[in-house]
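target.txt (compact mmCIF, C-alpha atoms and all ligand atoms) appears below.
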```txt
# COMPACT_ATOMS: atom_id res chain seq x y z
CA MET I 1 80.55 203.84 4.78
CA SER I 2 78.17 200.93 4.40
CA GLU I 3 78.13 198.03 2.00
CA ARG I 4 74.41 197.82 2.22
CA THR I 5 72.30 197.75 -0.89
CA LYS I 6 71.06 201.21 -1.76
CA ILE I 7 67.52 201.80 -3.01
CA VAL I 8 66.79 205.07 -4.78
CA LEU I 9 63.19 206.26 -4.94
CA LYS I 10 61.48 207.92 -7.89
CA SER I 11 61.00 211.66 -7.75
CA GLY I 12 58.06 212.57 -5.48
CA LYS I 13 57.89 209.07 -3.99
CA ASP I 14 59.86 210.15 -0.91
CA GLN I 15 56.93 212.02 0.65
CA SER I 16 55.41 209.19 2.65
CA LEU I 17 58.81 208.27 4.14
CA ARG I 18 59.37 211.88 5.12
CA ARG I 19 56.10 211.56 7.02
CA PHE I 20 57.50 208.46 8.75
CA HIS I 21 55.25 205.95 7.00
CA PRO I 22 57.14 202.66 7.52
CA TRP I 23 56.63 201.01 4.11
CA VAL I 24 58.20 201.46 0.66
CA PHE I 25 56.05 200.05 -2.14
CA SER I 26 57.84 198.43 -5.07
CA GLY I 27 56.32 200.98 -7.48
CA ALA I 28 58.16 203.81 -5.72
CA ILE I 29 61.61 202.38 -6.51
CA LYS I 30 63.70 203.95 -9.27
CA LYS I 31 66.88 201.92 -8.95
CA ILE I 32 68.50 199.31 -6.75
CA HIS I 33 72.28 199.49 -6.37
CA GLY I 34 73.76 196.27 -5.01
CA PRO I 35 72.53 192.75 -4.46
CA GLU I 36 68.77 192.21 -4.01
CA ARG I 37 68.82 189.73 -1.17
CA GLU I 38 65.48 189.00 0.46
CA GLY I 39 65.41 189.95 4.11
CA ASP I 40 68.60 192.02 4.02
CA VAL I 41 68.79 195.49 5.54
CA VAL I 42 68.91 198.15 2.80
CA ASP I 43 69.34 201.94 2.76
CA ILE I 44 66.75 204.13 1.07
CA TYR I 45 67.61 207.43 -0.62
CA ASP I 46 65.61 210.01 -2.55
CA ASN I 47 66.63 210.76 -6.13
CA LYS I 48 68.81 213.67 -4.96
CA ASP I 49 70.90 211.24 -2.91
CA GLU I 50 69.53 212.23 0.48
CA PHE I 51 69.25 209.39 3.03
CA LEU I 52 65.66 208.69 4.10
CA ALA I 53 65.48 205.43 6.01
CA MET I 54 66.68 201.86 6.32
CA GLY I 55 64.78 198.62 6.58
CA HIS I 56 64.19 195.01 5.56
CA TYR I 57 64.03 194.37 1.84
CA GLN I 58 61.62 191.83 0.36
CA GLN I 59 60.42 191.19 -3.18
CA GLY I 60 56.71 191.93 -3.29
CA SER I 61 54.29 194.83 -3.14
CA ILE I 62 55.81 196.12 0.11
CA ALA I 63 59.48 196.21 -0.87
CA VAL I 64 60.95 197.68 2.32
CA ARG I 65 59.68 197.65 5.89
CA VAL I 66 61.43 200.49 7.69
CA LEU I 67 63.40 199.80 10.86
CA SER I 68 64.94 203.25 11.30
CA PHE I 69 64.73 206.75 9.85
CA LYS I 70 68.32 207.32 11.02
CA GLN I 71 71.47 205.57 9.90
CA VAL I 72 72.16 203.02 12.61
CA ASP I 73 73.65 199.56 12.90
CA ILE I 74 71.02 196.85 12.98
CA ASP I 75 72.93 194.69 15.46
CA GLN I 76 72.16 192.93 18.75
CA ASP I 77 72.02 196.29 20.56
CA PHE I 78 69.40 197.52 18.12
CA TRP I 79 67.11 194.56 18.83
CA ASP I 80 67.80 194.72 22.58
CA ASN I 81 66.80 198.39 22.64
CA ARG I 82 63.65 198.00 20.57
CA ILE I 83 62.43 195.00 22.53
CA LEU I 84 63.27 196.64 25.86
CA ARG I 85 61.39 199.77 24.83
CA ALA I 86 58.33 197.66 23.96
CA TRP I 87 58.59 195.86 27.33
CA LYS I 88 58.82 199.17 29.20
CA LEU I 89 55.57 200.36 27.65
CA ARG I 90 53.81 197.20 28.90
CA GLU I 91 55.34 197.83 32.33
CA LYS I 92 53.77 201.29 32.30
CA LEU I 93 50.45 199.73 31.34
CA GLY I 94 50.66 197.58 34.46
CA VAL I 95 50.49 194.19 32.77
CA VAL I 96 54.05 193.02 33.54
CA ASP I 97 54.17 191.02 36.81
CA SER I 98 50.55 191.86 37.57
CA GLN I 99 48.38 189.53 39.67
CA GLU I 100 45.32 190.36 37.56
CA THR I 101 46.64 190.15 34.00
CA ASN I 102 49.66 188.21 32.74
CA VAL I 103 48.79 187.97 29.07
CA PHE I 104 49.65 190.84 26.73
CA ARG I 105 51.05 191.77 23.34
CA TRP I 106 54.73 192.47 23.84
CA VAL I 107 55.64 193.52 20.30
CA ASN I 108 53.04 194.98 17.95
CA ALA I 109 54.86 195.29 14.60
CA GLU I 110 54.81 198.86 13.20
CA GLY I 111 53.29 200.12 16.46
CA ASP I 112 56.54 199.16 18.23
CA GLY I 113 58.91 200.09 15.41
CA MET I 114 59.34 196.46 14.33
CA PRO I 115 57.31 195.94 11.13
CA GLY I 116 56.70 192.26 10.44
CA LEU I 117 57.07 191.09 14.04
CA ILE I 118 54.43 190.13 16.60
CA VAL I 119 55.27 188.75 20.04
CA ASP I 120 52.51 187.76 22.45
CA TYR I 121 53.29 187.00 26.09
CA TYR I 122 51.39 184.27 27.94
CA ALA I 123 52.53 184.15 31.56
CA GLY I 124 56.14 183.29 30.76
CA ALA I 125 55.67 181.94 27.23
CA ALA I 126 56.56 184.26 24.35
CA VAL I 127 54.87 183.38 21.07
CA VAL I 128 56.61 184.91 18.06
CA GLN I 129 54.83 185.48 14.77
CA MET I 130 56.84 186.76 11.80
CA HIS I 131 55.35 188.31 8.70
CA SER I 132 58.52 189.17 6.77
CA ILE I 133 61.73 187.46 5.66
CA GLY I 134 63.74 190.21 7.31
CA MET I 135 62.31 189.24 10.68
CA PHE I 136 62.86 185.56 9.90
CA LYS I 137 66.54 186.29 9.23
CA SER I 138 66.78 188.28 12.49
CA LEU I 139 65.22 185.55 14.60
CA GLU I 140 68.34 184.57 16.55
CA SER I 141 68.91 188.19 17.64
CA ILE I 142 65.23 188.64 18.49
CA LYS I 143 65.25 185.49 20.59
CA ALA I 144 68.38 186.65 22.46
CA SER I 145 66.74 190.03 23.17
CA LEU I 146 63.53 188.43 24.45
CA LEU I 147 65.52 186.33 26.90
CA LYS I 148 67.67 189.28 27.94
CA VAL I 149 64.75 191.66 28.52
CA ALA I 150 62.29 189.39 30.33
CA GLY I 151 64.98 187.33 32.07
CA ASP I 152 63.95 184.22 33.93
CA ARG I 153 60.27 185.01 33.59
CA ILE I 154 60.51 183.25 30.21
CA HIS I 155 60.12 179.47 30.21
CA THR I 156 59.17 179.01 26.55
CA ILE I 157 59.62 180.80 23.23
CA TYR I 158 57.49 179.36 20.43
CA ASN I 159 57.70 180.43 16.81
CA LYS I 160 54.26 180.33 15.19
CA SER I 161 54.77 181.66 11.68
CA GLN I 162 53.41 178.76 9.64
CA SER I 163 50.64 180.79 8.07
CA THR I 164 52.17 184.28 8.25
CA LEU I 165 55.60 184.02 6.59
CA PRO I 166 55.57 184.46 2.81
CA ASP I 167 56.06 181.42 0.63
CA LYS I 168 59.68 181.90 -0.43
CA PRO I 169 62.66 179.60 -0.92
CA GLY I 170 65.02 179.33 2.03
CA ILE I 171 62.34 179.72 4.66
CA THR I 172 62.39 176.60 6.75
CA ASP I 173 61.25 175.97 10.32
CA ARG I 174 58.20 178.19 10.14
CA SER I 175 56.97 176.89 13.47
CA GLY I 176 58.57 175.27 16.46
CA PHE I 177 60.12 175.78 19.87
CA LEU I 178 63.04 178.21 20.10
CA PHE I 179 63.36 177.78 23.86
CA GLY I 180 61.61 175.50 26.36
CA ASP I 181 58.77 173.23 25.30
CA ALA I 182 55.45 174.16 26.92
CA VAL I 183 52.56 173.77 24.44
CA GLN I 184 49.98 175.44 26.63
CA GLY I 185 49.49 177.31 29.84
CA GLN I 186 47.03 179.06 32.11
CA VAL I 187 46.85 182.84 31.97
CA LYS I 188 45.03 185.54 33.92
CA GLU I 189 43.17 188.40 32.32
CA ASN I 190 41.51 190.99 34.54
CA GLY I 191 41.38 188.34 37.25
CA PHE I 192 39.73 185.64 35.10
CA SER I 193 41.62 182.45 34.17
CA PHE I 194 41.98 181.00 30.67
CA ASN I 195 43.74 177.97 29.25
CA VAL I 196 45.68 178.91 26.13
CA ASN I 197 47.25 176.46 23.68
CA TRP I 198 49.63 178.48 21.53
CA THR I 199 50.72 175.56 19.36
CA GLU I 200 47.21 174.58 18.26
CA GLY I 201 45.01 177.62 18.93
CA GLN I 202 44.05 180.31 16.44
CA LYS I 203 46.38 183.28 15.89
CA THR I 204 48.97 183.02 18.69
CA GLY I 205 46.45 181.20 20.91
CA PHE I 206 44.17 183.86 22.36
CA PHE I 207 42.55 187.10 21.19
CA ILE I 208 44.46 189.39 23.53
CA ASP I 209 43.21 192.47 21.67
CA GLN I 210 39.70 192.12 23.14
CA ARG I 211 40.80 192.49 26.79
CA GLU I 212 39.33 195.94 27.44
CA ASN I 213 36.24 195.29 25.32
CA ARG I 214 35.54 192.11 27.28
CA ARG I 215 35.74 194.12 30.48
CA MET I 216 33.25 196.62 29.11
CA LEU I 217 30.95 193.77 28.04
CA GLY I 218 30.98 192.58 31.64
CA SER I 219 29.60 195.92 32.77
CA TRP I 220 26.66 195.62 30.31
CA SER I 221 25.83 192.07 31.40
CA PRO I 222 23.83 192.22 34.70
CA GLY I 223 20.51 190.42 34.27
CA ARG I 224 20.95 190.00 30.51
CA LYS I 225 20.54 186.99 28.23
CA VAL I 226 23.79 186.91 26.31
CA LEU I 227 24.70 185.38 22.95
CA ASN I 228 28.47 185.25 22.35
CA MET I 229 28.59 184.66 18.60
CA PHE I 230 32.03 183.62 17.22
CA GLY I 231 32.89 182.96 20.85
CA TYR I 232 36.14 180.98 20.27
CA THR I 233 37.37 179.85 23.72
CA GLY I 234 34.72 181.79 25.62
CA GLY I 235 36.51 185.05 26.46
CA PHE I 236 33.43 187.28 26.32
CA SER I 237 31.28 184.53 27.90
CA VAL I 238 33.40 184.40 31.05
CA TYR I 239 33.20 188.19 31.45
CA ALA I 240 29.42 188.15 30.86
CA MET I 241 29.05 185.58 33.65
CA GLY I 242 31.36 187.57 35.90
CA GLY I 243 29.22 190.64 35.21
CA GLY I 244 26.04 188.91 36.37
CA ALA I 245 24.34 187.74 33.16
CA GLU I 246 21.18 185.63 33.54
CA LEU I 247 22.30 183.16 30.88
CA VAL I 248 25.18 182.97 28.41
CA HIS I 249 25.33 181.00 25.17
CA THR I 250 28.60 180.60 23.25
CA VAL I 251 28.40 179.77 19.53
CA ASP I 252 31.36 178.91 17.28
CA SER I 253 31.70 176.67 14.23
CA SER I 254 34.81 175.03 15.71
CA GLY I 255 34.04 172.06 17.97
CA LYS I 256 37.47 172.36 19.57
CA ALA I 257 36.87 176.02 20.44
CA ILE I 258 33.49 175.15 21.93
CA ASP I 259 35.04 172.44 24.16
CA LEU I 260 37.63 174.97 25.35
CA SER I 261 34.94 177.57 26.03
CA ARG I 262 33.20 175.05 28.31
CA GLU I 263 36.49 174.36 30.10
CA ASN I 264 37.24 178.05 30.60
CA VAL I 265 33.76 178.76 31.94
CA GLU I 266 33.99 175.77 34.30
CA MET I 267 37.41 176.93 35.54
CA ASN I 268 36.03 180.37 36.49
CA PHE I 269 32.52 179.37 37.59
CA PRO I 270 32.65 175.73 38.72
CA GLY I 271 29.23 174.05 38.69
CA SER I 272 27.38 176.99 37.14
CA SER I 273 24.47 175.97 34.92
CA ILE I 274 23.76 179.23 33.11
CA HIS I 275 26.26 178.61 30.26
CA GLU I 276 25.60 176.52 27.13
CA ALA I 277 27.93 176.20 24.16
CA TYR I 278 27.05 175.14 20.61
CA ALA I 279 29.32 174.15 17.73
CA VAL I 280 27.29 175.47 14.80
CA ASP I 281 27.56 177.95 11.95
CA ALA I 282 26.57 181.51 12.85
CA PHE I 283 24.03 181.95 10.06
CA SER I 284 22.34 178.58 10.82
CA TYR I 285 22.07 179.54 14.48
CA PHE I 286 20.54 182.92 13.66
CA ARG I 287 17.86 181.15 11.56
CA GLU I 288 16.73 179.20 14.65
CA ILE I 289 16.26 182.05 17.11
CA LYS I 290 14.05 185.08 17.71
CA ASP I 291 13.99 187.61 20.57
CA GLN I 292 15.86 185.22 22.88
CA TYR I 293 18.82 187.47 23.63
CA ASP I 294 19.13 191.07 24.77
CA LEU I 295 22.94 191.22 24.60
CA ILE I 296 24.69 189.89 21.50
CA ILE I 297 28.42 189.90 20.71
CA LEU I 298 29.45 189.55 17.07
CA ASP I 299 33.20 189.06 16.75
CA PRO I 300 33.73 187.29 13.41
CA PRO I 301 37.11 186.36 11.91
CA ALA I 302 38.67 188.88 9.49
CA PHE I 303 36.43 188.85 6.41
CA ALA I 304 38.95 190.81 4.30
CA LYS I 305 42.59 189.86 4.52
CA HIS I 306 43.35 191.95 1.40
CA GLN I 307 42.06 195.12 -0.17
CA ASN I 308 40.80 193.31 -3.31
CA VAL I 309 38.17 191.34 -1.40
CA LEU I 310 36.94 194.43 0.41
CA ASN I 311 33.50 194.53 -1.19
CA ASN I 312 32.74 190.92 -0.30
CA ALA I 313 33.83 191.63 3.25
CA LEU I 314 31.53 194.64 3.56
CA GLN I 315 28.63 192.52 2.26
CA GLY I 316 29.53 189.90 4.86
CA TYR I 317 29.44 192.42 7.72
CA LYS I 318 26.13 193.77 6.45
CA ARG I 319 24.46 190.34 6.23
CA LEU I 320 25.76 189.25 9.62
CA ASN I 321 24.77 192.42 11.46
CA GLN I 322 21.38 192.41 9.77
CA ARG I 323 20.70 188.91 11.19
CA ALA I 324 21.62 190.17 14.65
CA PHE I 325 19.38 193.25 14.33
CA GLU I 326 16.51 191.03 13.19
CA VAL I 327 16.63 188.78 16.25
CA ILE I 328 17.83 190.93 19.15
CA ALA I 329 15.14 191.64 21.78
CA PRO I 330 13.79 195.22 22.05
CA GLY I 331 16.13 197.34 24.16
CA GLY I 332 18.97 194.94 23.41
CA ILE I 333 22.67 195.78 23.28
CA LEU I 334 24.84 194.68 20.36
CA PHE I 335 28.63 194.55 20.58
CA THR I 336 29.76 194.29 16.96
CA PHE I 337 33.37 194.05 15.74
CA SER I 338 35.56 193.94 12.67
CA CYS I 339 39.19 192.87 12.90
CA SER I 340 39.88 193.23 9.14
CA GLN I 341 42.74 195.64 8.56
CA ALA I 342 41.46 196.37 5.05
CA VAL I 343 38.06 197.55 6.35
CA SER I 344 38.12 201.15 7.58
CA LYS I 345 36.17 202.40 10.58
CA GLU I 346 33.92 204.38 8.23
CA ASN I 347 33.23 201.42 5.93
CA PHE I 348 32.45 199.18 8.87
CA ARG I 349 30.05 201.74 10.33
CA LYS I 350 28.37 202.08 6.94
CA SER I 351 27.81 198.31 6.67
CA VAL I 352 26.30 198.24 10.16
CA PHE I 353 24.12 201.25 9.30
CA VAL I 354 22.73 199.56 6.17
CA ALA I 355 22.15 196.36 8.15
CA ALA I 356 20.14 198.22 10.80
CA ALA I 357 18.08 200.08 8.20
CA ASN I 358 17.32 196.83 6.35
CA ALA I 359 16.17 195.23 9.60
CA ARG I 360 14.07 198.35 10.26
CA ARG I 361 15.38 198.84 13.81
CA ASN I 362 16.12 202.16 15.47
CA VAL I 363 19.72 202.03 16.65
CA ARG I 364 21.96 204.32 18.69
CA VAL I 365 25.73 204.21 18.98
CA LEU I 366 26.62 204.15 22.69
CA GLN I 367 30.34 203.54 22.44
CA GLN I 368 33.09 203.07 19.87
CA LEU I 369 35.75 200.49 20.62
CA SER I 370 39.24 199.78 19.38
CA GLN I 371 42.32 197.83 20.42
CA PRO I 372 44.05 198.20 23.81
CA ALA I 373 47.29 200.10 24.49
CA ASP I 374 49.48 197.00 24.28
CA HIS I 375 48.49 197.02 20.58
CA PRO I 376 49.82 200.56 19.94
CA ILE I 377 49.31 202.23 16.57
CA SER I 378 51.99 204.40 14.96
CA LEU I 379 50.43 207.77 14.23
CA TYR I 380 52.11 207.56 10.83
CA HIS I 381 50.68 204.11 10.07
CA LEU I 382 46.98 204.24 10.83
CA GLU I 383 46.54 200.97 8.93
CA GLY I 384 47.69 199.48 12.25
CA GLU I 385 44.29 200.28 13.77
CA TYR I 386 42.66 197.03 12.72
CA LEU I 387 40.16 196.33 15.51
CA LYS I 388 36.95 198.34 15.34
CA GLY I 389 33.88 197.87 17.47
CA LEU I 390 30.54 199.50 18.21
CA VAL I 391 28.29 199.20 21.23
CA LEU I 392 24.76 199.72 19.94
CA GLU I 393 21.39 200.03 21.62
CA VAL I 394 18.60 198.53 19.54
CA GLU I 395 15.15 199.98 20.34
N1 LIG I 401 35.53 186.55 20.32
C1 LIG I 401 36.64 185.62 20.38
C2 LIG I 401 37.47 185.59 19.11
C3 LIG I 401 36.70 185.25 17.85
S1 LIG I 401 37.69 184.71 16.55
C4 LIG I 401 37.48 185.92 21.62
O1 LIG I 401 37.25 186.97 22.27
O2 LIG I 401 38.36 185.13 21.94
C5 LIG I 401 36.54 184.19 15.37
C6 LIG I 401 35.89 182.85 15.64
O3 LIG I 401 34.88 182.66 14.66
C7 LIG I 401 36.80 181.64 15.53
O4 LIG I 401 36.81 180.96 16.75
C8 LIG I 401 36.18 180.77 14.42
O5 LIG I 401 36.20 179.39 14.74
C9 LIG I 401 34.76 181.27 14.40
N2 LIG I 401 34.03 181.12 13.12
C10 LIG I 401 34.51 181.29 11.86
N3 LIG I 401 33.52 181.15 10.96
C11 LIG I 401 32.37 180.90 11.65
C12 LIG I 401 31.01 180.68 11.29
N4 LIG I 401 30.61 180.69 10.01
N5 LIG I 401 30.10 180.47 12.28
C13 LIG I 401 30.49 180.45 13.58
N6 LIG I 401 31.77 180.65 13.97
C14 LIG I 401 32.70 180.88 13.04
```

Taking this structure as input, can you express it in the form of structure tokens?
Ligand code: SAH
Amino acid sequence: MSERTKIVLKSGKDQSLRRFHPWVFSGAIKKIHGPEREGDVVDIYDNKDEFLAMGHYQQGSIAVRVLSFKQVDIDQDFWDNRILRAWKLREKLGVVDSQETNVFRWVNAEGDGMPGLIVDYYAGAAVVQMHSIGMFKSLESIKASLLKVAGDRIHTIYNKSQSTLPDKPGITDRSGFLFGDAVQGQVKENGFSFNVNWTEGQKTGFFIDQRENRRMLGSWSPGRKVLNMFGYTGGFSVYAMGGGAELVHTVDSSGKAIDLSRENVEMNFPGSSIHEAYAVDAFSYFREIKDQYDLIILDPPAFAKHQNVLNNALQGYKRLNQRAFEVIAPGGILFTFSCSQAVSKENFRKSVFVAAANARRNVRVLQQLSQPADHPISLYHLEGEYLKGLVLEVE
């Protein structure tokens, strides 16, 4: 019926697909019948010729990213339906057309049945980030679906895949405007305003995944002296001020981020003098302070992008958290995060535990944090749970 390339798996290697895990590793493949074109849709069968799934083929460790466990046509209707379904979830979450929040993740890869595709929505601008050649080849259809589903809310679609698409021949135009031309815009999150520059900022411009954790930070802030370490454009700082902090200091090694954090604070609290921002390295800053802060946020960049650097990453989390435990005032609250996909919840907790013991502080876990519901996780792909956080009380 189809002329698609057919991939047959080795005996026993069909189990994870039968449990709806959305990846086929190259080592599981017994034979490929048909052309091996990167980014094409292929069918996957077990070695008894039973159909299992279909998805985007790519040469590499993950050979197929599954789009469907049923035989369907991957046509414009397919993309329209998937993208509409993702939009409807965000409608249910109350972030579409809300006065309070108009920034959200619209498509979260495996969590929305579209492995290799991220779309973040910034008040009418959709920022697309592709991680696979299959998604790159589907871009025209994806763009058409985005415009169809969100209608005239959309003024700009920007492709920001410079650093996320694999280095393969035939991939051109990794970044650029697909529709409209706005480079930045103002968004609202839980009633606070932020300027976001999606063309120049980190990731797609803003760390949308911290929305609920920032809100919780606000509730811990009254009367506290807050250090927002790895503060980027001041997200946590604005919430700390909104929550009634006594003072708030933002630290980030990027001078540009620090300038933006000042702008965002000024936009929400014009004329306030309780915020200072410093462009310095985290470890240098920790060497200069002692007992100054009783609420510290540690939200470092991903230390481990791959499994093989896991041990270094765990050492990094340990050293960093130890510094925070050494300087936080008695009775202080530490919000500590890891956004490394390769670091499990358990491993992260263990690193924080060793850090606390080394600093000889008595510590209690008050809350465990994760990513918000617009970053859904497929139950069959728990690797998608990348953001882990702990709220700790330090005696
Ligand atoms: N908490 C932020 C996101 C943090 S992203 C938010 O809610 O928006 C991580 C940040 O760490 C980046 O802005 C990066 O510039 C900064 N960074 C990376 N290495 C650093 C270092 N050694 N010292 C201080 N900041 C660093």

Could you pull the residues within 10 Å of Arg349 in chain I, counting only C-alpha atoms, minus those fewer than 5 positions along the same chain, as number ranges by chain? I: 314, 317-318, 336-338, 343-344, 354-355, 365, 388-390

Can I get the residues of range 135-198 of chain I within 9 Å of range 92-100 of chain I, each with the closest pair of atoms and their distance in Å to one decimal, using only C-alpha atoms, sorted chain first then ascending number, as a tab-separated table?
```
residue	atom	partner	partner_atom	distance
I:Lys188	CA	I:Glu100	CA	6.0
I:Glu189	CA	I:Glu100	CA	6.0
I:Asn190	CA	I:Glu100	CA	4.9
I:Gly191	CA	I:Glu100	CA	4.4
I:Phe192	CA	I:Glu100	CA	7.7
```

In Å, rounded to a single decimal, give me how far CA of Ala304 in chain I is from CA of Ala357 in chain I.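 About the pair CA of Ala357 in chain I and CA of Ala304 in chain I: they are 23.2 Å apart.
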
Under the rule of at most 7 Å, produce a per-residue listing of chain I near ligand LIG 401 (chain I): chain, number, name, the closest pair of atoms, and the distance in Å, as CSV, using all atoms listed in the file.
```
residue,atom,partner,partner_atom,distance
I:Phe206,CA,I:LIG401,O2,6.0
I:Phe207,CA,I:LIG401,O2,4.7
I:Gln210,CA,I:LIG401,O1,5.8
I:Met229,CA,I:LIG401,C13,6.8
I:Phe230,CA,I:LIG401,O3,3.9
I:Gly231,CA,I:LIG401,N1,4.5
I:Tyr232,CA,I:LIG401,O4,3.6
I:Thr233,CA,I:LIG401,O2,5.7
I:Gly234,CA,I:LIG401,O2,6.2
I:Gly235,CA,I:LIG401,O1,4.7
I:Phe236,CA,I:LIG401,O1,5.6
I:Val251,CA,I:LIG401,C13,6.3
I:Asp252,CA,I:LIG401,N6,3.8
I:Ser253,CA,I:LIG401,N6,4.0
I:Ser254,CA,I:LIG401,O5,4.7
I:Ala257,CA,I:LIG401,O4,6.2
I:Val280,CA,I:LIG401,C13,6.0
I:Asp281,CA,I:LIG401,N5,3.6
I:Ala282,CA,I:LIG401,N5,3.7
I:Phe283,CA,I:LIG401,N5,6.6
I:Asp299,CA,I:LIG401,N1,4.9
I:Pro300,CA,I:LIG401,C5,4.6
I:Pro301,CA,I:LIG401,C5,4.1
```

Point out the residue among I:Asn195, I:Asn108, I:Ser68, I:Ser378 with the least atom-to-atom distance to Ile83 in chain I, counting only C-alpha atoms.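 Nearest candidate to Ile83 in chain I out of I:Asn195, I:Asn108, I:Ser68, I:Ser378: I:Asn108.
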
Selection as a VMD selection string: residues within 9 Å of (62.8, 214.4, -9.5), counting only C-alpha atoms: chain I and resid 10 to 12 46 to 48

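When all atoms listed in the file are used to compute distances to Lys137 in chain I, the closest of the residues I:Gln162, I:His56, I:Thr101, I:Gly205 turns out to be I:His56.
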
Which of these, I:Arg323, I:Lys148, I:Arg37, I:His21, has the shortest distance to Trp87 in chain I once you count all atoms listed in the file?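 Ranked by minimum distance to Trp87 in chain I, first place goes to I:Lys148.
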
Show me, as number ranges by chain, the residues that have an atom within 12 Å of Arg85 in chain I when counting all atoms listed in the file, minus same-chain residues fewer than 6 positions from it. I: 77-79, 91-92, 106-108, 111-114, 145-146, 149-150

Would you mind listing what lies within 12 Å of Ile44 in chain I as number ranges by chain, with all atoms listed in the file counted and same-chain residues fewer than 2 positions away left out? I: 4-10, 13-14, 17-18, 22-25, 28-33, 41-42, 46-57, 63-71

Near Leu117 in chain I, within 8 Å and counting all atoms listed in the file, which residues show up once chain neighbours fewer than 2 positions away are dropped, as a list in words?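 That gives Val107, Asn108, Ala109, Met114, Pro115, Val119, Val128, Gln129, Met130, His131, Ser132 and Met135 of chain I.
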
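Take CA of Glu212 in chain I and CA of Pro372 in chain I: the distance between them is 6.4 Å.
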
Hey, can you check how far CA of Leu227 in chain I sits from CA of Asn264 in chain I?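 Interatomic distance, CA of Leu227 in chain I to CA of Asn264 in chain I: 16.4 Å.
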
Local residues around (64.6, 185.7, 21.2), at most 9 Å away, using only C-alpha atoms, as a tab-separated table (two decimals) with C-alpha atoms, in the coordinates of the input:
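Output (part.tsv):
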```tsv
chain	number	residue	atom	x	y	z
I	126	ALA	CA	56.56	184.26	24.35
I	128	VAL	CA	56.61	184.91	18.06
I	139	LEU	CA	65.22	185.55	14.60
I	140	GLU	CA	68.34	184.57	16.55
I	141	SER	CA	68.91	188.19	17.64
I	142	ILE	CA	65.23	188.64	18.49
I	143	LYS	CA	65.25	185.49	20.59
I	144	ALA	CA	68.38	186.65	22.46
I	145	SER	CA	66.74	190.03	23.17
I	146	LEU	CA	63.53	188.43	24.45
I	147	LEU	CA	65.52	186.33	26.90
I	148	LYS	CA	67.67	189.28	27.94
I	157	ILE	CA	59.62	180.80	23.23
I	178	LEU	CA	63.04	178.21	20.10
I	179	PHE	CA	63.36	177.78	23.86
```

For Ala182 in chain I, which of I:Ala302, I:Ile154, I:Ile333, I:Val265 is the closest residue, counting all atoms listed in the file?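 Checking each of I:Ala302, I:Ile154, I:Ile333, I:Val265 against Ala182 in chain I, counting all atoms listed in the file, the winner is I:Ile154.
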